[in-house]
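Report on the following structure.
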Amino acid sequence: MKYLRKNDCIMLAFSVVLFAVLQVLITERVLSSFWQLNLLIIGINIILAASLNLINGYTGQFSLGHAGFMAVGAYVGVVLTANFHMPFAVALIAGGIAAGFLGFLVGIPTLRLRGDYLAIATLGLGEIIRIVIMNIQYVGGAAGFKGIPHHTTFAWVFFIMLFTLFFIKNFVNSNHGRACLAIRENEIAAESMGVNTTKYKVMAFTIGAAFAGVAGGLFAHCFYLISPASFTFMQTFNYLIMVVMGGLGSITGSIAGAFVVTFISAALASWPEFRMIIYAIALILLMFYRPQGLFGYMEITNMGIFRRIFKKGETPHE
Amino acid sequence: MNFGKKGLKLASVLMGTMLMGGVLAGCGSQADSNEIKVGANFEMTGNVANYGAATLDGLKLAIDEINDAGGVDGKKITLVTADNKSEASEAVNAATKLISDDKVSVLVGPAVTANVIAESQVATDNKVPIIAPDATSPDVTVENGKVKPFVFRSCFIDPQQGTVMAKFASENLKAKTAVIYVDNSTDYSKSLGKVFKEKFEAAGGKVLMEEAFLAKDQDFKATLTKLKTANADVIFVPAYYEEVGKIVKQARELGITAPILGTDGWDDSKVTDIAGAEALNNTYFSTHYSDKDESVKPFVEAFQKKYGHMPNVFAALGYDAGKMLADAIKRAGSADPEKIQKALEETKDLKVGTGTITMDKNHNPIKQAVILQNKDGDRVMVAKIMPEE
Amino acid sequence: MRPLTIWKELSMEVWHQVLQQLINGISLGSIYALIALGYTMIYGIIKLINFAHGDIYMVGAYIGFFAITQAHLSVVPALLISLVVTGFLGMLVERLAYKPLRHAPRISVLITAIGVSFFLEYTTMYFVSPTPRTFPAMFGDVAVTVGGIVINGQQMLILGITAVLMVILTYIVQKTKTGKAMRAASFDTETAELMGINSDRIISITFGIGSALAAVAGVLVGIYYNSIDPLMGIMPGLKAFVAAVLGGIGILPGAVVGGLILGVVEALVSGFISSTFRDAAAFAILILVLLVRPAGIFGKNTKEKV
């Protein structure tokens with residue numbers, strides 16, 4: 001336990017420094033508002049990728065409904081802030097709870113399915129959520145919800161992202177998390193060892209959905225308008241790409257994946273004709289050379305270089 | 001653990017380069033005094049890329065013509081394009097890039113209403129004017145009864161079109177009953193359906209059925225089979241050409257003979273290609289211009305010369321937007337966004353590709369509308385409606 | 001509430017409508033079935049959800065389009081050209097993008113498939129522009145009216161060609177040596193290899209056949225709806241995947257039945273409820289079926305061995 005806490009402290013200190021540096025860059029306007037906006041999007045994508053990783057990477061349940069849960073959080077959030085003038089924090093929490101609750105409800109029946117059957121069922125769920133929202137006139141239907149107050153700031157995104165990452169990391173390292181890992185490695189063996197597989201699968205799914213909801217709330221309050229078109233299954237694919245690119249089952253990987261994907265998309269904005277083609281080729285090549293993703297199962301805190309810097313004298317037992 | 005080290009090295013190199021790239025990209029693009037930068041924020045990929053691309057074609061033609069004629073006050077107009085992936089959040093992202101990194105003086109686009117509305121917030125915050133070429137919803141320029149100072153458009157608005165068509169149905173076609181078939185995925189179609197219903201019923205008509213489809217649908221037979229049972233005098237389909245072509249074709253295949261009415265989204269030769277000339281007989285739509293009109297000929301010919309095909313309505317409106325912004329920059333006498341905004345507000349009797357426009361107090365151009373009839377593969381103008389002052 | 005009132009006034013009119021919707025649904029379903037067959041064959045043999053399959057269908061439609069408009073061919077030669085070229089394209093994609101990843105984690109291959117899908121969509125868009133293209137009208141007004149129900153020329157073409165292809169496919173899979181090898185490889189690739197089957201070759205052939213079927217579907221859709229665009233493959237691709245899973249993924253008759261069910265459900269939902277709920281209904285049916293039969297309609301619920 002002591003080992004973990006020390007790492008936590010180092011990472012926390014590092015995060016605070018990072019936050020300070022970025023915040024200074026923002027307030028001093030070194031970063032243009034385009035890159036400021038993309039910094040927010042990177043943070044939000046990290047939350048989404050990490051929460052999807054909890055379901056797909058750590059628990060091994062192939063879910064493709066993430067954009068749907070994000071949409072629930074986004075719409076609940078904007079209705080509360082724009083129509084009921086609730087504080088932003090309340091809207092985010094409510095969005096998270098709503099998405100988590102929905103995840104819980106649909107998780108119980110669907111998580112009995114395995115592998116690709118679960119994938120298509122959750123993809124279908126995400127699409128159903130989107131189509132239902134599209135048919136609710138109260139939230140603007142297909143044309144979108146207008147007039148969202150701009151609440152999302154870098155500090156909000158950064159600290160919620162930090163909370164998400166630590167929460168997921170601690171969850172994975174807890175007894176519950178071990179149970180989830182056991183399910184990923186071998187569901188039948190886990191069950192015969194007395195792990196209540198349904199319970200843990202639903203638990204991971206609910207937590208993942210709840211964080212997706214919170215991220216949805218943050219996403220919605222970056223923009224003046226959101227529409228169901230922003231939450232299609234293609235969006236889920238985007239998050240899946242981030243997770244796999246970084247490494248399934250690695251939080252460091254999810255961070256890297258979210259960063260790289262968002263960054264490529266923003267950096268290629270000046271070549272709109274080729275943006276998607278270059279992105280596609282980059283994706284295919286990356287999978288050729290690193291099919292396990294950038295980080296595989298590794299975390300930055302387990303890597304040699306990290307130990308060499310922070311724990312001089314200790315030999316890394318790998 | 002070899003793999004870990006390698007992974008980390010790779011990742012850190014990657015991130016390092018990217019961060020550098022980001023910072024550099026942030027400081028780039030110094031404004032050149034001999035050019036005026038115009039940002040084009042369009043749907044170049046994604047669901048409605050065809051609308052964005054067509055508008056951009058028209059805009060490019062206008063800018064080329066202006067530059068070939070010596071530019072504005074000796075300065076060339078440079079178009080900086082950005083793709084919004086047909087998505088509202090990306091439209092904000094693209095607009096932010098154009099304003100903050102490329103430092104454009106004025107924005108043109110996007111094509112679709114929702115994306116323009118999303119973008120309008122960024123433009124207002126940064127005080128850069130937008131010209132929306134194709135967004136016909138009233139909400140684009142007015143919000144809660146207040147005009148958005150930095151948002152303009154170069155096309156007429158939905159209520160005008162809906163009213164024109166409802167009047168045409170009840171007065172010219174003597175229709176007593178109608179069915180409405182709208183595209184539920186666009187504001188454009190929904191608001192036109194609403195206006196048509198209101199005005200048609202006010203004129204004593206009756207709307208028997210209202211049905212909806214979604215953009216990119218292929219098969220309309222199921223709903224059309226249902227609409228057929230209503231046996232209405234006219235069918236109103238305010239939608240875009242791709243779906244319209246299929247709807248008309250499939251309606252005729254199912255034996256629906258009633259006149260079908262539409263709006264400017266129909267204005268594309270693709271409708272004829274998809275539906276076939278025969279199926280299109282007995283259909284009418286309102287639009288911005290007739291390509292038979294003498295004053296429109298120069299634009300149509302120039303467009304055909306550059307691209308090898310007839311312009312559609314998106315291209316025409318993109319062209320108008322280009323002319324409008326050049327005129328405003330000229331009158332502003334500077335590349336300063338706020339001066340251009342003032343000049344745009346004062347646009348008056350400006351000749352553009354498809355007619356003459358004067359900006360009203362809600363930043364909507366006062367512009368003519370025409371009603372065209374499809375007849376054996378050709379379009380015949382049946383009415384020209386001048387705006388009411 | 002419309003469905004309820006309909007059952008109350010169960011008149012001839014309504015039956016006509018139901019039958020007409022069934023015809024519409026079956027034509028649409030045949031298209032789904034053709035795409036779903038490729039999905040299911042590829043899945044059966046390498047357990048890959050080939051998300052690029054819908055885009056192969058789109059490329060097939062474009063090849064057919066150019067064969068008809070540029071080379072002025074008639075329907076059947078255009079279909080054959082598209083079938084052959086797209087078949088080879090499918091094999092090429094497999095060789096370049098999936099074969100190097102034969103032993104990689106399945107999810108990496110899936111991401112590669114998404115990459116291939118983007119690549120096909122946007123390179124096509126780059127070359128042919130996002131503007132939709134229109135097929136010239138064929139079989140102008142051939143339509144048969146049977147008791148008030150209209151079946152037009154294109155619908156007959158779709159049903160006819162689908163039926164012929166099913167027969168050919170059944171023959172290939174059941175009677176030929178290659179078909180036998182395909183079945184063996186999809187049952188157990190390693191054992192099949194031990195029996196002297198060249199699994200790489202079989203996988204390549206499977207991609208070829210699957211892509212060829214999708215190409216035919218693409219050309220038929222072009223003729224049926226008259227318009228094609230570079231992103232036309234996304235939704236039908238997804239629907240075909242749903243159809244394949246509905247029938248039990250990896251099972252050929254399952255894909256056909258799944259496709260037809262999906263087509264009919266969509267037609268009935270758009271006809272009697274609202275087309276805006278059509279896609280939602282398709283997914284809802286899928287989820288309900290999976291909850292009752294977790295491996296699809298024809299899928300065997302194999303107990304996993306420890």
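In the structure tokens, each chain is lettered A, B, ... as it comes, each chain's residues begin at 1, and ligands are numbered from 1 in order of appearance.
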
For this session: Compute the set of chain C residues within 8 Å of chain B, using only C-alpha atoms, and express it as JSON, numbers by chain.
Result: {"C": [17, 20, 21, 24, 28, 122, 129, 130, 131, 132, 133, 134, 135, 136, 137, 141, 150, 152, 225, 226, 227, 231, 267, 268, 270, 271, 272, 274, 275, 276]}

Could you list, with a cut-off of 12 Å and counting only C-alpha atoms, the residues of segment 204-318 of chain B near segment 112-119 of chain B, each shown with its nearest atom pair and the distance in Å rounded to one decimal, rows sorted by chain and ascending number, as a tab-separated table?
```
residue	atom	partner	partner_atom	distance
B:Tyr240	CA	B:Val112	CA	11.4
B:Gly265	CA	B:Val112	CA	11.7
B:Phe314	CA	B:Val112	CA	10.6
```

Compile the contact shell of Ile278 of chain A as a PDB file with N, CA and C atoms, in the first residue's frame: residues with an atom at most 12 Å away, counting only C-alpha atoms, same-chain residues fewer than 4 positions apart removed.
```
ATOM      1  N   VAL A 261      -5.194  11.318 -30.551  1.00  0.00           N
ATOM      2  CA  VAL A 261      -6.297  11.382 -31.517  1.00  0.00           C
ATOM      3  C   VAL A 261      -6.814  12.818 -31.653  1.00  0.00           C
ATOM      4  N   ILE A 264      -4.125  14.981 -33.412  1.00  0.00           N
ATOM      5  CA  ILE A 264      -4.006  14.779 -34.865  1.00  0.00           C
ATOM      6  C   ILE A 264      -5.126  15.524 -35.568  1.00  0.00           C
ATOM      7  N   SER A 265      -6.347  15.347 -35.033  1.00  0.00           N
ATOM      8  CA  SER A 265      -7.508  15.959 -35.678  1.00  0.00           C
ATOM      9  C   SER A 265      -7.371  17.486 -35.713  1.00  0.00           C
ATOM     10  N   ALA A 267      -4.495  19.249 -35.404  1.00  0.00           N
ATOM     11  CA  ALA A 267      -3.313  19.693 -36.142  1.00  0.00           C
ATOM     12  C   ALA A 267      -3.529  19.598 -37.648  1.00  0.00           C
ATOM     13  N   LEU A 268      -4.404  18.666 -38.065  1.00  0.00           N
ATOM     14  CA  LEU A 268      -4.648  18.520 -39.496  1.00  0.00           C
ATOM     15  C   LEU A 268      -5.764  19.440 -39.989  1.00  0.00           C
ATOM     16  N   ALA A 269      -6.265  20.306 -39.086  1.00  0.00           N
ATOM     17  CA  ALA A 269      -7.407  21.142 -39.467  1.00  0.00           C
ATOM     18  C   ALA A 269      -7.101  22.034 -40.656  1.00  0.00           C
ATOM     19  N   TRP A 271      -5.588  21.183 -43.320  1.00  0.00           N
ATOM     20  CA  TRP A 271      -5.650  20.417 -44.573  1.00  0.00           C
ATOM     21  C   TRP A 271      -6.934  19.603 -44.605  1.00  0.00           C
ATOM     22  N   PRO A 272      -8.080  20.295 -44.655  1.00  0.00           N
ATOM     23  CA  PRO A 272      -9.344  19.572 -44.495  1.00  0.00           C
ATOM     24  C   PRO A 272      -9.546  18.457 -45.520  1.00  0.00           C
ATOM     25  N   GLU A 273      -9.002  18.613 -46.729  1.00  0.00           N
ATOM     26  CA  GLU A 273      -9.254  17.593 -47.755  1.00  0.00           C
ATOM     27  C   GLU A 273      -8.599  16.273 -47.392  1.00  0.00           C
ATOM     28  N   PHE A 274      -7.464  16.355 -46.693  1.00  0.00           N
ATOM     29  CA  PHE A 274      -6.712  15.128 -46.453  1.00  0.00           C
ATOM     30  C   PHE A 274      -6.828  14.637 -45.020  1.00  0.00           C
ATOM     31  N   ALA A 282      -2.724   6.707 -40.548  1.00  0.00           N
ATOM     32  CA  ALA A 282      -2.013   6.698 -39.274  1.00  0.00           C
ATOM     33  C   ALA A 282      -2.541   5.579 -38.379  1.00  0.00           C
ATOM     34  N   LEU A 283      -3.852   5.435 -38.384  1.00  0.00           N
ATOM     35  CA  LEU A 283      -4.495   4.421 -37.557  1.00  0.00           C
ATOM     36  C   LEU A 283      -4.044   3.021 -37.961  1.00  0.00           C
ATOM     37  N   ILE A 284      -4.069   2.765 -39.272  1.00  0.00           N
ATOM     38  CA  ILE A 284      -3.718   1.426 -39.754  1.00  0.00           C
ATOM     39  C   ILE A 284      -2.252   1.137 -39.449  1.00  0.00           C
ATOM     40  N   LEU A 285      -1.377   2.123 -39.712  1.00  0.00           N
ATOM     41  CA  LEU A 285       0.048   1.900 -39.473  1.00  0.00           C
ATOM     42  C   LEU A 285       0.327   1.655 -37.997  1.00  0.00           C
TER      43      LEU A 285
ATOM     44  N   GLY C 115     -10.137   1.911 -39.543  1.00  0.00           N
ATOM     45  CA  GLY C 115      -9.210   2.727 -40.322  1.00  0.00           C
ATOM     46  C   GLY C 115      -9.410   2.525 -41.818  1.00  0.00           C
ATOM     47  N   VAL C 116      -9.537   1.260 -42.228  1.00  0.00           N
ATOM     48  CA  VAL C 116      -9.757   0.961 -43.644  1.00  0.00           C
ATOM     49  C   VAL C 116     -11.050   1.615 -44.110  1.00  0.00           C
ATOM     50  N   PHE C 118     -12.549   4.366 -42.939  1.00  0.00           N
ATOM     51  CA  PHE C 118     -12.323   5.808 -43.148  1.00  0.00           C
ATOM     52  C   PHE C 118     -11.547   6.030 -44.437  1.00  0.00           C
ATOM     53  N   PHE C 119     -10.543   5.185 -44.640  1.00  0.00           N
ATOM     54  CA  PHE C 119      -9.684   5.360 -45.804  1.00  0.00           C
ATOM     55  C   PHE C 119     -10.489   5.230 -47.090  1.00  0.00           C
ATOM     56  N   LEU C 120     -11.300   4.179 -47.178  1.00  0.00           N
ATOM     57  CA  LEU C 120     -12.091   3.977 -48.396  1.00  0.00           C
ATOM     58  C   LEU C 120     -13.076   5.126 -48.590  1.00  0.00           C
ATOM     59  N   TYR C 122     -12.995   8.268 -47.488  1.00  0.00           N
ATOM     60  CA  TYR C 122     -12.489   9.604 -47.780  1.00  0.00           C
ATOM     61  C   TYR C 122     -11.580   9.653 -48.987  1.00  0.00           C
ATOM     62  N   THR C 123     -10.929   8.546 -49.364  1.00  0.00           N
ATOM     63  CA  THR C 123     -10.218   8.599 -50.648  1.00  0.00           C
ATOM     64  C   THR C 123     -11.254   8.639 -51.771  1.00  0.00           C
TER      65      THR C 123
END
```

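Using only C-alpha atoms, the shortest contact distance between chain A and any of B:Lys384, B:Lys190, B:Lys75, B:Lys60 is found at B:Lys190.
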
Output as a PDB file with N, CA and C atoms, in the first residue's frame the set of chain A residues within 8 Å of chain B, with distances taken over only C-alpha atoms.
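Written output follows (part28.pdb):
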```pdb
ATOM      1  N   VAL A  30      -0.599  32.521 -24.355  1.00  0.00           N
ATOM      2  CA  VAL A  30       0.434  31.920 -25.193  1.00  0.00           C
ATOM      3  C   VAL A  30      -0.235  30.926 -26.130  1.00  0.00           C
ATOM      4  N   LEU A  31      -1.203  30.187 -25.584  1.00  0.00           N
ATOM      5  CA  LEU A  31      -1.978  29.283 -26.419  1.00  0.00           C
ATOM      6  C   LEU A  31      -3.128  30.062 -27.036  1.00  0.00           C
ATOM      7  N   SER A  32      -3.312  29.909 -28.336  1.00  0.00           N
ATOM      8  CA  SER A  32      -4.415  30.617 -28.988  1.00  0.00           C
ATOM      9  C   SER A  32      -5.735  30.002 -28.538  1.00  0.00           C
ATOM     10  N   SER A  33      -6.840  30.699 -28.775  1.00  0.00           N
ATOM     11  CA  SER A  33      -8.092  30.163 -28.253  1.00  0.00           C
ATOM     12  C   SER A  33      -8.465  28.851 -28.926  1.00  0.00           C
ATOM     13  N   PHE A  34      -7.944  28.625 -30.137  1.00  0.00           N
ATOM     14  CA  PHE A  34      -8.176  27.337 -30.780  1.00  0.00           C
ATOM     15  C   PHE A  34      -7.536  26.207 -29.980  1.00  0.00           C
ATOM     16  N   TRP A  35      -6.286  26.413 -29.563  1.00  0.00           N
ATOM     17  CA  TRP A  35      -5.615  25.362 -28.794  1.00  0.00           C
ATOM     18  C   TRP A  35      -6.173  25.275 -27.381  1.00  0.00           C
ATOM     19  N   LEU A  37      -9.347  25.656 -26.683  1.00  0.00           N
ATOM     20  CA  LEU A  37     -10.541  24.834 -26.852  1.00  0.00           C
ATOM     21  C   LEU A  37     -10.159  23.373 -26.999  1.00  0.00           C
ATOM     22  N   ASN A  38      -9.094  23.128 -27.757  1.00  0.00           N
ATOM     23  CA  ASN A  38      -8.701  21.736 -27.951  1.00  0.00           C
ATOM     24  C   ASN A  38      -8.121  21.115 -26.694  1.00  0.00           C
ATOM     25  N   MET A 134     -33.489  12.523 -30.423  1.00  0.00           N
ATOM     26  CA  MET A 134     -33.806  13.220 -31.666  1.00  0.00           C
ATOM     27  C   MET A 134     -35.304  13.453 -31.806  1.00  0.00           C
ATOM     28  N   GLY A 141     -34.984  18.354 -30.568  1.00  0.00           N
ATOM     29  CA  GLY A 141     -35.005  17.300 -31.573  1.00  0.00           C
ATOM     30  C   GLY A 141     -33.703  17.210 -32.342  1.00  0.00           C
ATOM     31  N   ALA A 142     -33.837  16.883 -33.628  1.00  0.00           N
ATOM     32  CA  ALA A 142     -32.648  16.660 -34.440  1.00  0.00           C
ATOM     33  C   ALA A 142     -31.846  17.934 -34.648  1.00  0.00           C
ATOM     34  N   ALA A 143     -32.534  19.079 -34.572  1.00  0.00           N
ATOM     35  CA  ALA A 143     -31.849  20.331 -34.866  1.00  0.00           C
ATOM     36  C   ALA A 143     -30.916  20.755 -33.738  1.00  0.00           C
ATOM     37  N   GLY A 144     -31.109  20.194 -32.557  1.00  0.00           N
ATOM     38  CA  GLY A 144     -30.177  20.483 -31.484  1.00  0.00           C
ATOM     39  C   GLY A 144     -30.729  21.430 -30.431  1.00  0.00           C
ATOM     40  N   LYS A 146     -30.267  24.710 -28.287  1.00  0.00           N
ATOM     41  CA  LYS A 146     -29.578  25.992 -28.463  1.00  0.00           C
ATOM     42  C   LYS A 146     -29.468  26.742 -27.139  1.00  0.00           C
ATOM     43  N   PHE A 223     -19.884  24.333 -25.772  1.00  0.00           N
ATOM     44  CA  PHE A 223     -20.427  24.823 -27.027  1.00  0.00           C
ATOM     45  C   PHE A 223     -21.779  25.471 -26.776  1.00  0.00           C
ATOM     46  N   TYR A 224     -22.159  26.262 -27.715  1.00  0.00           N
ATOM     47  CA  TYR A 224     -23.405  26.992 -27.589  1.00  0.00           C
ATOM     48  C   TYR A 224     -24.592  26.107 -27.956  1.00  0.00           C
ATOM     49  N   LEU A 225     -24.320  25.092 -28.757  1.00  0.00           N
ATOM     50  CA  LEU A 225     -25.392  24.231 -29.260  1.00  0.00           C
ATOM     51  C   LEU A 225     -24.899  22.788 -29.295  1.00  0.00           C
ATOM     52  N   ILE A 226     -25.747  21.843 -28.884  1.00  0.00           N
ATOM     53  CA  ILE A 226     -25.397  20.442 -29.118  1.00  0.00           C
ATOM     54  C   ILE A 226     -26.529  19.803 -29.896  1.00  0.00           C
ATOM     55  N   SER A 227     -26.179  18.838 -30.726  1.00  0.00           N
ATOM     56  CA  SER A 227     -27.221  18.149 -31.467  1.00  0.00           C
ATOM     57  C   SER A 227     -26.942  16.651 -31.431  1.00  0.00           C
ATOM     58  N   ALA A 229     -26.464  14.693 -33.584  1.00  0.00           N
ATOM     59  CA  ALA A 229     -25.471  14.272 -34.568  1.00  0.00           C
ATOM     60  C   ALA A 229     -24.071  14.168 -33.962  1.00  0.00           C
ATOM     61  N   SER A 230     -23.865  14.789 -32.787  1.00  0.00           N
ATOM     62  CA  SER A 230     -22.543  14.700 -32.164  1.00  0.00           C
ATOM     63  C   SER A 230     -22.367  13.406 -31.375  1.00  0.00           C
ATOM     64  N   ALA A 256      -2.791   8.983 -23.288  1.00  0.00           N
ATOM     65  CA  ALA A 256      -2.017   9.180 -24.508  1.00  0.00           C
ATOM     66  C   ALA A 256      -2.905   9.078 -25.733  1.00  0.00           C
ATOM     67  N   VAL A 260      -3.395  11.951 -28.429  1.00  0.00           N
ATOM     68  CA  VAL A 260      -2.911  11.809 -29.807  1.00  0.00           C
ATOM     69  C   VAL A 260      -4.051  11.994 -30.809  1.00  0.00           C
ATOM     70  N   PHE A 263      -5.300  15.502 -30.888  1.00  0.00           N
ATOM     71  CA  PHE A 263      -4.257  16.363 -31.421  1.00  0.00           C
ATOM     72  C   PHE A 263      -4.123  16.228 -32.930  1.00  0.00           C
ATOM     73  N   ALA A 267      -4.495  19.249 -35.404  1.00  0.00           N
ATOM     74  CA  ALA A 267      -3.313  19.693 -36.142  1.00  0.00           C
ATOM     75  C   ALA A 267      -3.529  19.598 -37.648  1.00  0.00           C
ATOM     76  N   ALA A 269      -6.265  20.306 -39.086  1.00  0.00           N
ATOM     77  CA  ALA A 269      -7.407  21.142 -39.467  1.00  0.00           C
ATOM     78  C   ALA A 269      -7.101  22.034 -40.656  1.00  0.00           C
ATOM     79  N   SER A 270      -5.824  22.335 -40.890  1.00  0.00           N
ATOM     80  CA  SER A 270      -5.507  23.214 -42.004  1.00  0.00           C
ATOM     81  C   SER A 270      -5.500  22.488 -43.342  1.00  0.00           C
ATOM     82  N   TRP A 271      -5.588  21.183 -43.320  1.00  0.00           N
ATOM     83  CA  TRP A 271      -5.650  20.417 -44.573  1.00  0.00           C
ATOM     84  C   TRP A 271      -6.934  19.603 -44.605  1.00  0.00           C
ATOM     85  N   PRO A 272      -8.080  20.295 -44.655  1.00  0.00           N
ATOM     86  CA  PRO A 272      -9.344  19.572 -44.495  1.00  0.00           C
ATOM     87  C   PRO A 272      -9.546  18.457 -45.520  1.00  0.00           C
ATOM     88  N   GLU A 273      -9.002  18.613 -46.729  1.00  0.00           N
ATOM     89  CA  GLU A 273      -9.254  17.593 -47.755  1.00  0.00           C
ATOM     90  C   GLU A 273      -8.599  16.273 -47.392  1.00  0.00           C
ATOM     91  N   LEU A 294      -0.054   1.955 -27.690  1.00  0.00           N
ATOM     92  CA  LEU A 294       1.192   2.621 -27.319  1.00  0.00           C
ATOM     93  C   LEU A 294       1.749   2.070 -26.018  1.00  0.00           C
ATOM     94  N   PHE A 295       0.868   1.831 -25.038  1.00  0.00           N
ATOM     95  CA  PHE A 295       1.361   1.434 -23.722  1.00  0.00           C
ATOM     96  C   PHE A 295       1.049  -0.009 -23.350  1.00  0.00           C
ATOM     97  N   MET A 298       0.854  -1.419 -19.743  1.00  0.00           N
ATOM     98  CA  MET A 298       1.741  -0.718 -18.813  1.00  0.00           C
ATOM     99  C   MET A 298       1.140   0.597 -18.319  1.00  0.00           C
ATOM    100  N   ILE A 300       2.480   4.339 -16.562  1.00  0.00           N
ATOM    101  CA  ILE A 300       3.719   5.119 -16.518  1.00  0.00           C
ATOM    102  C   ILE A 300       4.445   4.903 -15.188  1.00  0.00           C
ATOM    103  N   MET A 303       6.968   2.025 -15.139  1.00  0.00           N
ATOM    104  CA  MET A 303       8.014   1.964 -16.143  1.00  0.00           C
ATOM    105  C   MET A 303       9.358   2.321 -15.571  1.00  0.00           C
ATOM    106  N   GLY A 304      10.371   1.740 -16.202  1.00  0.00           N
ATOM    107  CA  GLY A 304      11.727   1.906 -15.715  1.00  0.00           C
ATOM    108  C   GLY A 304      12.124   3.353 -15.544  1.00  0.00           C
ATOM    109  N   ILE A 305      11.808   4.156 -16.519  1.00  0.00           N
ATOM    110  CA  ILE A 305      12.280   5.547 -16.499  1.00  0.00           C
ATOM    111  C   ILE A 305      11.679   6.303 -15.323  1.00  0.00           C
ATOM    112  N   GLU A 318      10.521  -6.311 -12.509  1.00  0.00           N
ATOM    113  CA  GLU A 318       9.535  -6.316 -13.603  1.00  0.00           C
ATOM    114  C   GLU A 318       9.152  -7.713 -14.019  1.00  0.00           C
TER     115      GLU A 318
END
```

For this session: Tell me the residues of chain C close to chain A, meaning within 9 Å using only C-alpha atoms, as a ChimeraX atom specification.
Result: /C:49,97,100-101,104-105,107-109,111-123,126,241-242,245,249,276-277,279-284,286-287,290-291,294-296,304-306

For this session: For Asn312 of chain B, list every protein, DNA or RNA residue within 10 Å, evaluated using only C-alpha atoms, and leave out those in the same chain fewer than 5 positions away; present the list as a PyMOL selection string.
Result: chain B and resi 51+54-55+58+241+264-270+300+317

Problem set entry | Between atom CA of Ala143 of chain C and atom CA of Asn281 of chain B - distance in Å to one decimal |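 Computing it gives 19.0 Å between the two atoms.
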
For this session: Quick one: everything within 8 Å of Ile261 of chain C, counting only C-alpha atoms, minus sequence neighbours fewer than 3 positions away in the same chain. Send it as number ranges by chain.
Result: C: 29, 243, 257-258, 264-265

Output for the residues just chosen: N, CA and C atoms as a PDB file, in the first residue's frame:
```pdb
ATOM      1  N   GLY C  29     -34.742  -5.725 -47.614  1.00  0.00           N
ATOM      2  CA  GLY C  29     -34.125  -6.811 -46.852  1.00  0.00           C
ATOM      3  C   GLY C  29     -33.156  -7.622 -47.694  1.00  0.00           C
ATOM      4  N   ALA C 243     -28.137  -7.411 -39.067  1.00  0.00           N
ATOM      5  CA  ALA C 243     -28.824  -8.548 -39.666  1.00  0.00           C
ATOM      6  C   ALA C 243     -28.048  -9.834 -39.430  1.00  0.00           C
ATOM      7  N   VAL C 257     -31.924 -14.570 -43.454  1.00  0.00           N
ATOM      8  CA  VAL C 257     -33.150 -14.399 -42.676  1.00  0.00           C
ATOM      9  C   VAL C 257     -33.089 -13.096 -41.885  1.00  0.00           C
ATOM     10  N   GLY C 258     -31.937 -12.836 -41.258  1.00  0.00           N
ATOM     11  CA  GLY C 258     -31.774 -11.603 -40.494  1.00  0.00           C
ATOM     12  C   GLY C 258     -32.004 -10.381 -41.373  1.00  0.00           C
ATOM     13  N   VAL C 264     -38.150  -6.001 -43.441  1.00  0.00           N
ATOM     14  CA  VAL C 264     -39.602  -5.989 -43.243  1.00  0.00           C
ATOM     15  C   VAL C 264     -39.964  -5.156 -42.010  1.00  0.00           C
ATOM     16  N   VAL C 265     -39.214  -5.333 -40.923  1.00  0.00           N
ATOM     17  CA  VAL C 265     -39.502  -4.554 -39.715  1.00  0.00           C
ATOM     18  C   VAL C 265     -39.399  -3.062 -40.022  1.00  0.00           C
TER      19      VAL C 265
END
```

For this session: Name the residues of segment 273-327 of chain B that fall into strand (DSSP E) according to DSSP on the backbone, using the chain letters and numbers of this document, as a ChimeraX atom specification.
Result: /B:283-287

Output file for the residues above (C-alpha atoms, as a compact mmCIF listing (two decimals), in the first residue's frame):
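So the final result, stored in again-v4.txt, reads:
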```
# COMPACT_ATOMS: atom_id res chain seq x y z
CA THR B 283 -44.16 19.48 -59.28
CA TYR B 284 -43.45 23.06 -58.20
CA PHE B 285 -40.86 24.61 -55.94
CA SER B 286 -39.81 28.02 -54.71
CA THR B 287 -36.24 29.14 -55.06
```

For this session: With a distance cut-off of 6 Å and only C-alpha atoms, select the neighbouring residues of Met381 of chain B, excluding the residue or stretch itself and same-chain residues fewer than 2 positions from it, and output the selection as a ChimeraX atom specification.
Result: /B:371-372,383

For this session: Looking only at helix (DSSP H, G or I) from DSSP on the backbone, list the matching residues of segment 59-302 of chain C as a PyMOL selection string.
Result: chain C and resi 59-69+75-101+106-128+153-175+177-187+189-194+199-225+234-247+252-272+275-292

For this session: May I ask which of the residues A:Thr252, A:Thr153, A:Thr198, A:Thr27 is the closest one to Ala179 of chain A, counting only C-alpha atoms?
Result: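 The shortest atom-to-atom distance to Ala179 of chain A comes from A:Thr198.
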